[in-house]
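Q: PDB, C-alpha atoms, file entry_23.pdb:
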```
ATOM      1  CA  MET A 604      -8.994  18.155 -10.377
ATOM      2  CA  VAL A 605     -10.735  16.142  -7.676
ATOM      3  CA  SER A 606     -13.679  18.534  -7.533
ATOM      4  CA  THR A 607     -14.484  17.937 -11.201
ATOM      5  CA  LEU A 608     -14.503  14.149 -11.079
ATOM      6  CA  TRP A 609     -18.099  13.784  -9.923
ATOM      7  CA  ALA A 610     -19.332  16.144 -12.655
ATOM      8  CA  GLN A 611     -17.271  14.715 -15.532
ATOM      9  CA  TRP A 612     -17.700  11.025 -14.879
ATOM     10  CA  ARG A 613     -20.134   9.001 -16.947
ATOM     11  CA  PRO A 614     -20.828   5.485 -15.706
ATOM     12  CA  PRO A 615     -19.523   2.672 -17.917
ATOM     13  CA  LEU A 616     -21.923   0.241 -19.486
ATOM     14  CA  PRO A 617     -23.279  -2.225 -16.909
ATOM     15  CA  TRP A 618     -21.422  -5.200 -18.409
ATOM     16  CA  GLN A 619     -18.164  -3.237 -18.416
ATOM     17  CA  ALA A 620     -18.548  -2.265 -14.775
ATOM     18  CA  LEU A 621     -19.468  -5.830 -13.822
ATOM     19  CA  LEU A 622     -16.504  -7.272 -15.731
ATOM     20  CA  ALA A 623     -14.093  -4.839 -14.079
ATOM     21  CA  LEU A 624     -15.517  -5.570 -10.639
ATOM     22  CA  VAL A 625     -15.428  -9.355 -11.102
ATOM     23  CA  SER A 626     -11.876  -9.210 -12.449
ATOM     24  CA  CYS A 627     -10.741  -7.086  -9.519
ATOM     25  CA  LEU A 628     -12.374  -9.318  -6.905
ATOM     26  CA  GLY A 629     -11.235 -12.502  -8.640
ATOM     27  CA  THR A 630      -7.631 -11.388  -8.605
ATOM     28  CA  LEU A 631      -7.837 -10.530  -4.932
ATOM     29  CA  LEU A 632      -9.453 -13.851  -4.040
ATOM     30  CA  VAL A 633      -6.796 -15.791  -5.932
ATOM     31  CA  THR A 634      -3.955 -13.907  -4.298
ATOM     32  CA  GLY A 635      -5.700 -13.382  -0.974
ATOM     33  CA  ALA A 636      -4.625 -16.744   0.443
ATOM     34  CA  ALA A 637      -1.175 -15.276   0.786
ATOM     35  CA  LEU A 638      -1.187 -12.170   2.950
ATOM     36  CA  ALA A 639       0.419  -9.086   1.471
ATOM     37  CA  HIS A 640       3.155  -9.244   4.080
ATOM     38  CA  ASN A 641       3.902 -12.945   3.773
ATOM     39  CA  VAL A 642       7.478 -14.023   3.103
ATOM     40  CA  THR A 643       7.992 -16.793   0.544
ATOM     41  CA  GLU A 644       8.888 -20.226   1.887
ATOM     42  CA  GLY A 645      12.469 -20.004   0.653
ATOM     43  CA  ASP A 646      12.983 -16.506   2.033
ATOM     44  CA  ALA A 647      11.387 -17.481   5.344
ATOM     45  CA  GLY A 648      13.771 -20.422   5.678
ATOM     46  CA  TYR A 649      16.736 -18.165   5.015
ATOM     47  CA  VAL A 650      15.575 -15.558   7.555
ATOM     48  CA  GLN A 651      15.120 -18.246  10.202
ATOM     49  CA  GLU A 652      18.480 -19.920   9.679
ATOM     50  CA  VAL A 653      20.864 -17.054   8.995
ATOM     51  CA  THR A 654      22.975 -15.522  11.759
ATOM     52  CA  GLY A 655      25.215 -12.478  11.705
ATOM     53  CA  SER A 656      25.115  -9.464   9.420
ATOM     54  CA  HIS A 657      24.111 -10.076   5.785
ATOM     55  CA  PRO A 658      23.354  -6.636   4.310
ATOM     56  CA  ILE A 659      23.240  -7.610   0.627
ATOM     57  CA  ALA A 660      20.809 -10.463   1.212
ATOM     58  CA  PHE A 661      18.503  -8.327   3.357
ATOM     59  CA  ILE A 662      18.614  -5.442   0.868
ATOM     60  CA  TYR A 663      17.413  -7.911  -1.760
ATOM     61  CA  LEU A 664      14.658  -9.207   0.533
ATOM     62  CA  GLY A 665      13.519  -5.651   1.312
ATOM     63  CA  ALA A 666      13.358  -4.676  -2.362
ATOM     64  CA  LYS A 667      11.487  -7.883  -3.196
ATOM     65  CA  HIS A 668       8.979  -7.249  -0.428
ATOM     66  CA  MET A 669       8.152  -3.767  -1.666
ATOM     67  CA  VAL A 670       7.878  -4.728  -5.341
ATOM     68  CA  THR A 671       5.503  -7.609  -4.496
ATOM     69  CA  GLY A 672       3.634  -5.748  -1.730
ATOM     70  CA  TYR A 673       0.414  -4.921  -3.581
ATOM     71  CA  ASP A 674      -1.137  -3.146  -0.593
ATOM     72  CA  HIS A 675       1.841  -0.774  -0.346
ATOM     73  CA  LEU A 676       1.758  -0.095  -4.074
ATOM     74  CA  LEU A 677      -2.009   0.486  -4.147
ATOM     75  CA  PHE A 678      -1.729   3.001  -1.332
ATOM     76  CA  LEU A 679       1.255   4.782  -2.903
ATOM     77  CA  ALA A 680      -0.494   4.904  -6.261
ATOM     78  CA  GLY A 681      -3.445   6.537  -4.532
ATOM     79  CA  VAL A 682      -1.194   9.030  -2.747
ATOM     80  CA  ILE A 683       0.478  10.252  -5.937
ATOM     81  CA  PHE A 684      -2.624   9.973  -8.137
ATOM     82  CA  PHE A 685      -3.250  13.726  -8.225
ATOM     83  CA  LEU A 686       0.225  14.958  -7.279
ATOM     84  CA  TYR A 687       1.933  16.673 -10.200
ATOM     85  CA  GLN A 688       4.843  18.505  -8.568
ATOM     86  CA  ALA A 689       8.045  16.517  -7.928
ATOM     87  CA  LYS A 690       8.423  18.198  -4.530
ATOM     88  CA  ASP A 691       4.967  17.077  -3.387
ATOM     89  CA  ILE A 692       5.555  13.525  -4.580
ATOM     90  CA  ALA A 693       8.960  13.353  -2.892
ATOM     91  CA  THR A 694       7.538  14.713   0.375
ATOM     92  CA  CYS A 695       4.679  12.225   0.586
ATOM     93  CA  VAL A 696       6.791   9.246  -0.460
ATOM     94  CA  SER A 697       9.452  10.220   2.089
ATOM     95  CA  LEU A 698       6.865  10.504   4.865
ATOM     96  CA  PHE A 699       5.515   7.070   3.996
ATOM     97  CA  ALA A 700       9.041   5.635   3.958
ATOM     98  CA  ILE A 701       9.901   7.193   7.323
ATOM     99  CA  GLY A 702       6.734   5.832   8.922
ATOM    100  CA  HIS A 703       7.174   2.379   7.418
ATOM    101  CA  SER A 704      10.816   2.161   8.465
ATOM    102  CA  VAL A 705      10.315   3.380  12.031
ATOM    103  CA  THR A 706       7.586   0.919  12.952
ATOM    104  CA  MET A 707       9.141  -1.998  11.095
ATOM    105  CA  ILE A 708      12.438  -1.654  12.975
ATOM    106  CA  ALA A 709      10.854  -0.703  16.295
ATOM    107  CA  GLY A 710       8.243  -3.438  16.036
ATOM    108  CA  VAL A 711      10.827  -6.179  15.509
ATOM    109  CA  TRP A 712      13.413  -4.730  17.907
ATOM    110  CA  TRP A 713      10.960  -4.309  20.793
ATOM    111  CA  GLN A 714       8.761  -7.240  19.739
ATOM    112  CA  ILE A 715       5.606  -5.186  19.308
ATOM    113  CA  ALA A 716       3.225  -7.738  17.831
ATOM    114  CA  ILE A 717      -0.182  -7.023  16.313
ATOM    115  CA  ASN A 718      -2.463  -9.726  14.973
ATOM    116  CA  ALA A 719      -1.531 -10.122  11.297
ATOM    117  CA  TYR A 720      -5.147 -10.175  10.105
ATOM    118  CA  ILE A 721      -6.057  -7.037  12.045
ATOM    119  CA  ILE A 722      -3.067  -4.982  10.894
ATOM    120  CA  ASP A 723      -3.530  -6.103   7.287
ATOM    121  CA  ALA A 724      -7.220  -5.140   7.478
ATOM    122  CA  ILE A 725      -6.159  -1.690   8.684
ATOM    123  CA  ILE A 726      -3.652  -1.470   5.839
ATOM    124  CA  ALA A 727      -6.407  -2.418   3.389
ATOM    125  CA  PHE A 728      -8.511   0.363   4.897
ATOM    126  CA  SER A 729      -5.711   2.803   4.025
ATOM    127  CA  VAL A 730      -6.352   1.990   0.359
ATOM    128  CA  VAL A 731     -10.087   2.648   0.824
ATOM    129  CA  TYR A 732      -9.336   5.902   2.645
ATOM    130  CA  LYS A 733      -7.047   7.199  -0.091
ATOM    131  CA  ALA A 734      -9.474   6.296  -2.855
ATOM    132  CA  LEU A 735     -12.268   8.165  -1.048
ATOM    133  CA  ASP A 736      -9.936  11.109  -0.520
ATOM    134  CA  ASN A 737      -9.094  11.178  -4.233
ATOM    135  CA  LEU A 738     -12.798  11.129  -5.069
ATOM    136  CA  GLY A 739     -13.374  14.182  -2.882
ATOM    137  CA  ALA A 740     -15.724  12.239  -0.615
ATOM    138  CA  PHE A 741     -14.567  13.740   2.682
ATOM    139  CA  ARG A 742     -15.028  17.293   1.476
ATOM    140  CA  LEU A 743     -18.430  16.425  -0.002
ATOM    141  CA  TRP A 744     -19.664  14.505   3.050
ATOM    142  CA  PHE A 745     -18.059  16.393   5.933
ATOM    143  CA  GLY A 746     -16.922  19.698   4.428
ATOM    144  CA  VAL A 747     -13.275  19.089   5.364
ATOM    145  CA  GLN A 748     -10.186  18.061   3.455
ATOM    146  CA  PRO A 749      -7.864  15.741   5.435
ATOM    147  CA  ASP A 750      -4.167  16.606   5.549
ATOM    148  CA  THR A 751      -2.555  14.383   2.917
ATOM    149  CA  LYS A 752       0.905  14.525   4.481
ATOM    150  CA  ALA A 753      -0.301  13.640   7.970
ATOM    151  CA  ALA A 754      -2.440  10.788   6.657
ATOM    152  CA  THR A 755       0.452   9.434   4.597
ATOM    153  CA  LEU A 756       2.761   9.412   7.625
ATOM    154  CA  ILE A 757       0.156   7.766   9.875
ATOM    155  CA  PHE A 758      -0.617   5.043   7.374
ATOM    156  CA  GLY A 759       3.103   4.580   6.748
ATOM    157  CA  LEU A 760       3.507   3.799  10.443
ATOM    158  CA  LEU A 761       0.699   1.244  10.222
ATOM    159  CA  HIS A 762       2.117  -0.380   7.083
ATOM    160  CA  GLY A 763       5.424  -0.870   8.890
ATOM    161  CA  PHE A 764       3.727  -2.761  11.708
ATOM    162  CA  GLY A 765       2.330  -5.191   9.142
ATOM    163  CA  LEU A 766       5.759  -6.434   8.126
ATOM    164  CA  ALA A 767       7.155  -6.214  11.664
ATOM    165  CA  THR A 768       4.429  -8.573  12.835
ATOM    166  CA  LYS A 769       5.220 -11.077  10.097
ATOM    167  CA  ILE A 770       9.009 -10.953  10.639
ATOM    168  CA  GLN A 771       8.545 -11.779  14.303
ATOM    169  CA  ASP A 772       6.808 -15.011  13.324
ATOM    170  CA  TYR A 773      10.090 -16.249  11.843
ATOM    171  CA  ASP A 774      12.125 -15.815  15.034
ATOM    172  CA  ILE A 775      14.976 -13.998  13.298
ATOM    173  CA  SER A 776      18.361 -14.318  14.999
ATOM    174  CA  PRO A 777      19.351 -11.437  17.319
ATOM    175  CA  ASP A 778      22.918 -11.744  16.007
ATOM    176  CA  GLY A 779      23.261  -8.869  13.527
ATOM    177  CA  LEU A 780      19.576  -8.066  13.857
ATOM    178  CA  LEU A 781      19.791  -4.264  13.771
ATOM    179  CA  GLY A 782      22.133  -4.202  10.792
ATOM    180  CA  ASN A 783      19.958  -6.659   8.896
ATOM    181  CA  LEU A 784      16.824  -4.655   9.640
ATOM    182  CA  ILE A 785      18.468  -1.452   8.417
ATOM    183  CA  ALA A 786      19.635  -3.253   5.271
ATOM    184  CA  PHE A 787      16.109  -4.554   4.757
ATOM    185  CA  ASN A 788      14.780  -1.004   4.938
ATOM    186  CA  VAL A 789      17.347   0.161   2.413
ATOM    187  CA  GLY A 790      16.042  -2.559   0.116
ATOM    188  CA  VAL A 791      12.467  -1.470   0.765
ATOM    189  CA  GLU A 792      13.335   2.063  -0.335
ATOM    190  CA  ILE A 793      15.117   0.802  -3.454
ATOM    191  CA  GLY A 794      12.117  -1.351  -4.360
ATOM    192  CA  GLN A 795       9.775   1.523  -3.615
ATOM    193  CA  LEU A 796      11.669   3.875  -5.919
ATOM    194  CA  MET A 797      11.700   1.278  -8.693
ATOM    195  CA  ALA A 798       7.964   0.661  -8.422
ATOM    196  CA  LEU A 799       7.227   4.360  -8.055
ATOM    197  CA  ALA A 800       9.211   5.198 -11.194
ATOM    198  CA  LEU A 801       7.092   2.767 -13.219
ATOM    199  CA  ILE A 802       3.844   4.063 -11.678
ATOM    200  CA  LEU A 803       4.794   7.680 -12.399
ATOM    201  CA  LEU A 804       5.767   6.831 -15.974
ATOM    202  CA  ALA A 805       2.388   5.185 -16.549
ATOM    203  CA  MET A 806       0.565   8.059 -14.813
ATOM    204  CA  ARG A 807       2.337  10.640 -16.956
ATOM    205  CA  GLN A 808       1.186   8.931 -20.141
ATOM    206  CA  TRP A 809      -2.322   8.454 -18.789
ATOM    207  CA  ARG A 810      -2.742  12.057 -17.636
ATOM    208  CA  ALA A 811      -1.982  13.267 -21.157
ATOM    209  CA  ARG A 812      -5.086  11.532 -22.494
ATOM    210  CA  PRO A 813      -8.324  13.534 -22.807
ATOM    211  CA  ALA A 814     -10.346  10.842 -21.035
ATOM    212  CA  PHE A 815      -8.178  10.898 -17.889
ATOM    213  CA  ALA A 816     -10.729  12.710 -15.695
ATOM    214  CA  ARG A 817     -13.497  10.244 -16.500
ATOM    215  CA  GLN A 818     -11.223   7.224 -16.165
ATOM    216  CA  ALA A 819      -9.671   8.576 -12.967
ATOM    217  CA  TYR A 820     -13.032   8.374 -11.217
ATOM    218  CA  ALA A 821     -13.504   4.762 -12.293
ATOM    219  CA  ALA A 822      -9.942   3.882 -11.297
ATOM    220  CA  ASN A 823     -10.403   5.237  -7.786
ATOM    221  CA  VAL A 824     -13.735   3.457  -7.425
ATOM    222  CA  LEU A 825     -12.007   0.186  -8.348
ATOM    223  CA  MET A 826      -9.201   1.005  -5.924
ATOM    224  CA  MET A 827     -11.789   1.469  -3.191
ATOM    225  CA  VAL A 828     -13.438  -1.843  -4.117
ATOM    226  CA  ALA A 829     -10.052  -3.559  -3.973
ATOM    227  CA  GLY A 830      -9.432  -2.104  -0.525
ATOM    228  CA  PHE A 831     -12.813  -3.287   0.743
ATOM    229  CA  ALA A 832     -12.208  -6.752  -0.738
ATOM    230  CA  LEU A 833      -8.835  -6.983   1.010
ATOM    231  CA  MET A 834     -10.434  -5.872   4.275
ATOM    232  CA  GLY A 835     -13.072  -8.554   3.897
ATOM    233  CA  LEU A 836     -10.459 -11.237   3.295
ATOM    234  CA  GLN A 837      -8.466 -10.241   6.370
ATOM    235  CA  ILE A 838     -11.519  -9.925   8.640
ATOM    236  CA  THR A 839     -12.777 -13.313   7.443
ATOM    237  CA  GLY A 840      -9.335 -14.801   8.049
ATOM    238  CA  TYR A 841      -9.312 -13.410  11.578
ATOM    239  CA  PHE A 842     -12.539 -15.188  12.501
ATOM    240  CA  VAL A 843     -11.846 -18.519  10.774
ATOM    241  CA  ALA A 844      -8.126 -18.866  11.546
TER     242      ALA A 844
END
```
Here is a file; write its structure as structure tokens.
A:
Amino acid sequence: MVSTLWAQWRPPLPWQALLALVSCLGTLLVTGAALAHNVTEGDAGYVQEVTGSHPIAFIYLGAKHMVTGYDHLLFLAGVIFFLYQAKDIATCVSLFAIGHSVTMIAGVWWQIAINAYIIDAIIAFSVVYKALDNLGAFRLWFGVQPDTKAATLIFGLLHGFGLATKIQDYDISPDGLLGNLIAFNVGVEIGQLMALALILLAMRQWRARPAFARQAYAANVLMMVAGFALMGLQITGYFVA
């Protein structure tokens, strides 16, 4: 499927491409003030004040984080874009979940801190990488096809560090910390499955349309643009913060 995208795609009219690009960048600029891994003010206050084990609350927070984590969802959408077999989808999603969980828990537990702007720029790059992979760019440019499973696991590890870095800013209580972190990860997986179910439902309907191949190219180009825009926001934030 990927190999036919370059041949089947026909560029949209200039005004259509410009409108799509401006809309994409405008959305990112409006939402960019809040980092993808930020915790809302109310949730941050709760995390800072609570002590002891509160599994239900942290499951909710984990699910909320994943559903509102647009960088996670963009990357996952890219990962499953051309995966049709349930086994392949389950494998890649599980690898991402394992990576995300390991570094989130380890990062908070051992206080491994990475500058929030840098890690979020790397996470944005994961979106660019996956879009290029879907477009067949690596095979065209370098004659190699990266291992999707390995890349998904590696980027999952990096995504986990993004949230771990942010959680550490809120000085969460050590009382019940491990249990709360595990509960948070359970919530992340619940939110991920919910979001993934909706993405797969939409993808199934879209793939049945004759124009999917042509539109798939444009969609991955826009995904790449979104990733670059997010990288630019984070890099700019790093230098002006």
Q: Go ahead and compute the interatomic distance for atom CA of Gly794 of chain A and atom CA of Val670 of chain A, in Å to one decimal.
A: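 So the two atoms, atom CA of Gly794 of chain A and atom CA of Val670 of chain A, lie 5.5 Å apart.
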Q: Using atom CA of Leu738 of chain A and atom CA of Asp750 of chain A as the two end points, give the distance in Å to one decimal.
A: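 Rounded to one decimal, the two atoms are 14.7 Å apart.
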Q: As an exercise, work out the distance from atom CA of His675 of chain A to atom CA of Phe831 of chain A in Å and give it to one decimal place.
A: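 A separation of 14.9 Å between them.
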Q: Quick one: of A:Phe741, A:Phe684, A:Phe764, A:Tyr841, who's nearest to Ile715 of chain A, counting all atoms listed in the file?
A: A:Phe764
Q: Which residues come within 12 Å of Ala798 of chain A, counting all atoms listed in the file, excluding same-chain residues fewer than 3 positions away, as a list of chain:residue names?
A: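 Contacts, with the query itself left out: A:Ala666, A:Lys667, A:His668, A:Met669, A:Val670, A:Thr671, A:Gly672, A:Tyr673, A:His675, A:Leu676, A:Leu677, A:Leu679, A:Ala680, A:Val696, A:Val791, A:Glu792, A:Ile793, A:Gly794, A:Gln795, A:Leu801, A:Ile802, A:Leu803, A:Leu804, A:Ala805.
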